[in-house]
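Here is the structure we will look at, set down as structure tokens.
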Amino acid sequence: MPARRILSLWFPHLAAEHWLRLERAALPGPLAVVAQIGNRQVLASLSPEAAAQGLRVDQPLRDALAICPALVTRTADPRREAAFLDHLARWAGRFSPWVAALPPDGLTIDLTGCAHLFGGEAALADEIARACEGFGLTVRMGLADTQGAAWALARFGGRAPGTPRTGDAIRQEARATRSRAAARPGAGAMPEPAGPPARIAPPGQMRQALSALPVAALRLPPKVVEGLAALGLRRVGDVLGLPRATLARRFGPDLMRRLDQALGLEPEPVSPARPVAPHAVRLSFPEPIARREDILAAIDRLLPALQERLQRQGLGVRRLRLLAYRSDHGVERVEIGLARPSAEPDRLRPLLEMKLEEIDPGLGIDTLRLQAVATEPVAVKQRRAPLGPDERQEAGEQALADLIARLGARIGMEAITRLHPAESHIPERAFLRYAAAWSAPARGWAAPPVPRPLILMNPEPVTTTGEAVPPRAFRWRRRDFTVRQAIGPERIAPEWWLDDPAWRSGPRDYWRIGTDTGQWLWLFRATGAEIGGGWFCQGEFA
């Protein structure tokens with residue numbers, strides 16, 4: 001059996017070079033792809049020209065513009081970038097059937113028994129490099145016996161270990177030194193490996209190939225890398241000869257696991273994505289179209305063709321993707337989801353029509369493509385008239401599924417949830433929350449021993465007057481209430497086997513309180529345990 005050989009491809013400028021491909025490199029200066037992280041705008045990807053200016057990934061946009069005022073920016077689109085990486089993975093299938101994508105910018109290829117078909121490993125690497133150059137992509141390759149070693153060679157081969165700059169080191173630098181370092185091109189940037197784009201480790205020589213690489217090449221968390229550097233362990237070779245038990249005790253089991261994976265002592269198979277059946281139809285136009293009516297007319301021609309293809313295999317759509325290929329080589333995509341599988345055009349068309357406002361036709365659309373991303377078997381049912389009780393129930397469930405699909409097209413399928421009963425006497429744990437599109441309605445809800453509020457909320461503090469139990473008056477949400485009627489108490493104790501910070505105030509005595517405004521509120525009094533007690537409002541009755 002041939003020795004296992006793994007090829008790792010790393011595209012260090014993937015998102016930026018994808019934009020250059022879309023705009024045919026017609027950009028006036030260095031390009032950066034910007035992502036929104038919380039309230040900050042940071043650089044997510046850089047073109048080679050921008051990286052040469054000293055910019056780095058994860059750098060704030062305002063700092064990057066101070067260093068390079070001519071910087072051109074584009075907004076990150078994770079979905080588009082993931083689709084582009086999937087396209088590259090399918091292209092890489094020409095070299096081996098075992099290809100796995102490593103988001104956001106890498107591929108792993110199991111070349112075992114395949115390299116000789118292309119003239120050997122070096123010739124295969126040269127062919128990939130020439131192809132990527134034709135695509136306008138920068139690529140770095142590592143070829144070794146293990147996935148971990150190949151990943152390390154692709155990203156860190158030919159790079160000096162260096163010393164991570166920790167917070168203590170930065171604070172000890174002079175302010176003037178830091179300002180000059182920030183303005184100097186290349187300061188703080190991770191230099192790309194020098195030399196050829198492919199680094200090939202001979203079979204069986206993992207230790208020699210990894211020893212000179214920095215410890216970050218082991219795919220370790222930044223804190224572990226900093227901790228090793230603080231002890232003077234900057235290269236993988238510095239770690240190889242140390243006692244394993246000591247390292248595991250100090251830095252956790254991840255260090256040993258990653259080291260064993262890189263050396264081949266622990267298996268790490270390449271898991272390629274399952275091939276997707278091409279349940280898709282497309283329609284090309286002699287002239288680009290842009291009007292909404294023309295797009296709908298094209299969809300009306302595509303949906304019956306897709307229905308016929310799916311019905312032959314007894315399938316229905318759960319997720320449907322519409323791709324619009326523009327004449328300027330851009331691709332617009334929208335996606336809809338269904339609560340129940342269906343291939344009927346009458347159910348798919350309204351959802352696609354709601355999504356058309358998200359498509360920017362630009363200078364015109366050359367081709368439309370409908371792709372069934374997720375499918376499920378559909379059982380054919382015979383209808384009879386008049387409808388019996390089962391048929392009426394089925395029609396009602398289908399109407400609810402259509403409603404969920406329409407709402408999901410507007411706010412997202414993940415935002416629509418369904419509650420199921422749970423085994424807990426704690427009010428906020430008495431139910432489970434499932435995605436409505438992927439779960440059946442709950443049957444057999446057990447009636448609570450005492451009435452429960454229609455609206456359940458997080459406990460909100462209540463200010464009471466006096467020490468009476470229950471209170472005669474209280475203030476809640478900046479309003480004063482007078483108690484007209486009180487029913488209770490109902491004591492609920494915390495679940496002793498779970499440490500819930502919200503229940504560290506001890507057991508609760510719940511009261512149904514009728515107020516002078518006509519509202520019935522659910523108040524409880526916490527007895528006080530690790531934290532202080534008091535009165536809180538947690539619900540409102542109908």
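Chain identifiers are assigned as A, B, and so on, following the order in which chains appear in the structure tokens; residues are numbered from 1 within each chain, and ligands are numbered from 1 in order of appearance.
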inquiry  = I'd like the contact shell of A:Leu263 - 12 Å cut-off, only C-alpha atoms, skipping same-chain residues fewer than 4 positions apart - returned as a list of chain:residue names.
reply    =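 In the requested format, the answer is A:Ala144, A:Asp145, A:Thr146, A:Gln147, A:Gly148, A:Ala149, A:Ala150, A:Ala152, A:Ala201, A:Pro203, A:Gly204, A:Gln205, A:Met206, A:Arg207, A:Gln208, A:Ala209, A:Leu210, A:Ser211, A:Leu218, A:Val236, A:Gly237, A:Leu240, A:Met256, A:Arg257, A:Arg258, A:Leu259, A:Pro267, A:Glu268.
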message = List as number ranges by chain the protein and nucleic acid residues near A:His420, meaning an atom at most 9 Å away when only C-alpha atoms are counted, but skip any in the same chain fewer than 3 places from it.
response = A: 430-434, 441-443, 445
Residue set, stretch 20-72 of chain A restricted to helix (DSSP H, G or I), as a PyMOL selection string = chain A and resi 20-22+48-52+61-67
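Distance check against A:Thr108 using only C-alpha atoms: of A:Met457, A:Val270, A:Ile200, A:Ala123, the minimum falls on A:Val270.
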request  = as a count of residues only, list the residues of stretch 18-108 of chain A assigned to strand (DSSP E or B) by DSSP on the backbone atoms of this structure.
outcome  = 26
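Shortest atom-to-atom contact with A:Phe135 among A:Leu306, A:Leu22, A:Ala262, A:Val224: A:Leu22, counting only C-alpha atoms.
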query = Closest to A:Leu143 among A:Tyr325, A:Trp10, A:Trp497, A:Trp476, using only C-alpha atoms?
reply =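 For A:Leu143, the nearest of the candidates is A:Trp10.
Distances here use only C-alpha atoms; by that measure, the residue among A:Leu137, A:Ala76, A:Leu454, A:Leu117 closest to A:Ala542 is A:Leu454.
Take atom CA of A:Pro345 and atom CA of A:Ile359: the distance between them is 20.1 Å.
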key: All residues 6 Å or closer to A:Leu43, only C-alpha atoms, same chain fewer than 3 positions away omitted, as a PyMOL selection string   = chain A and resi 33-34+57-59
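Atom CA of A:Pro471 sits 7.2 Å away from atom CA of A:Val483.
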ask   = Quick one: of A:Arg484, A:Arg491, A:Arg199, A:Arg479, who's nearest to A:Ile513, counting only C-alpha atoms?
value = A:Arg484
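Between A:Pro361 and the residues A:Ala415, A:Glu121, A:Ala290, A:Gly337, the shortest atom-to-atom distance, using only C-alpha atoms, involves A:Ala290.
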request  = Could you check how far atom CA of A:Glu460 sits from atom CA of A:Ile416, in Å to one decimal?
outcome  =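 Here the two named atoms are 25.7 Å from each other.
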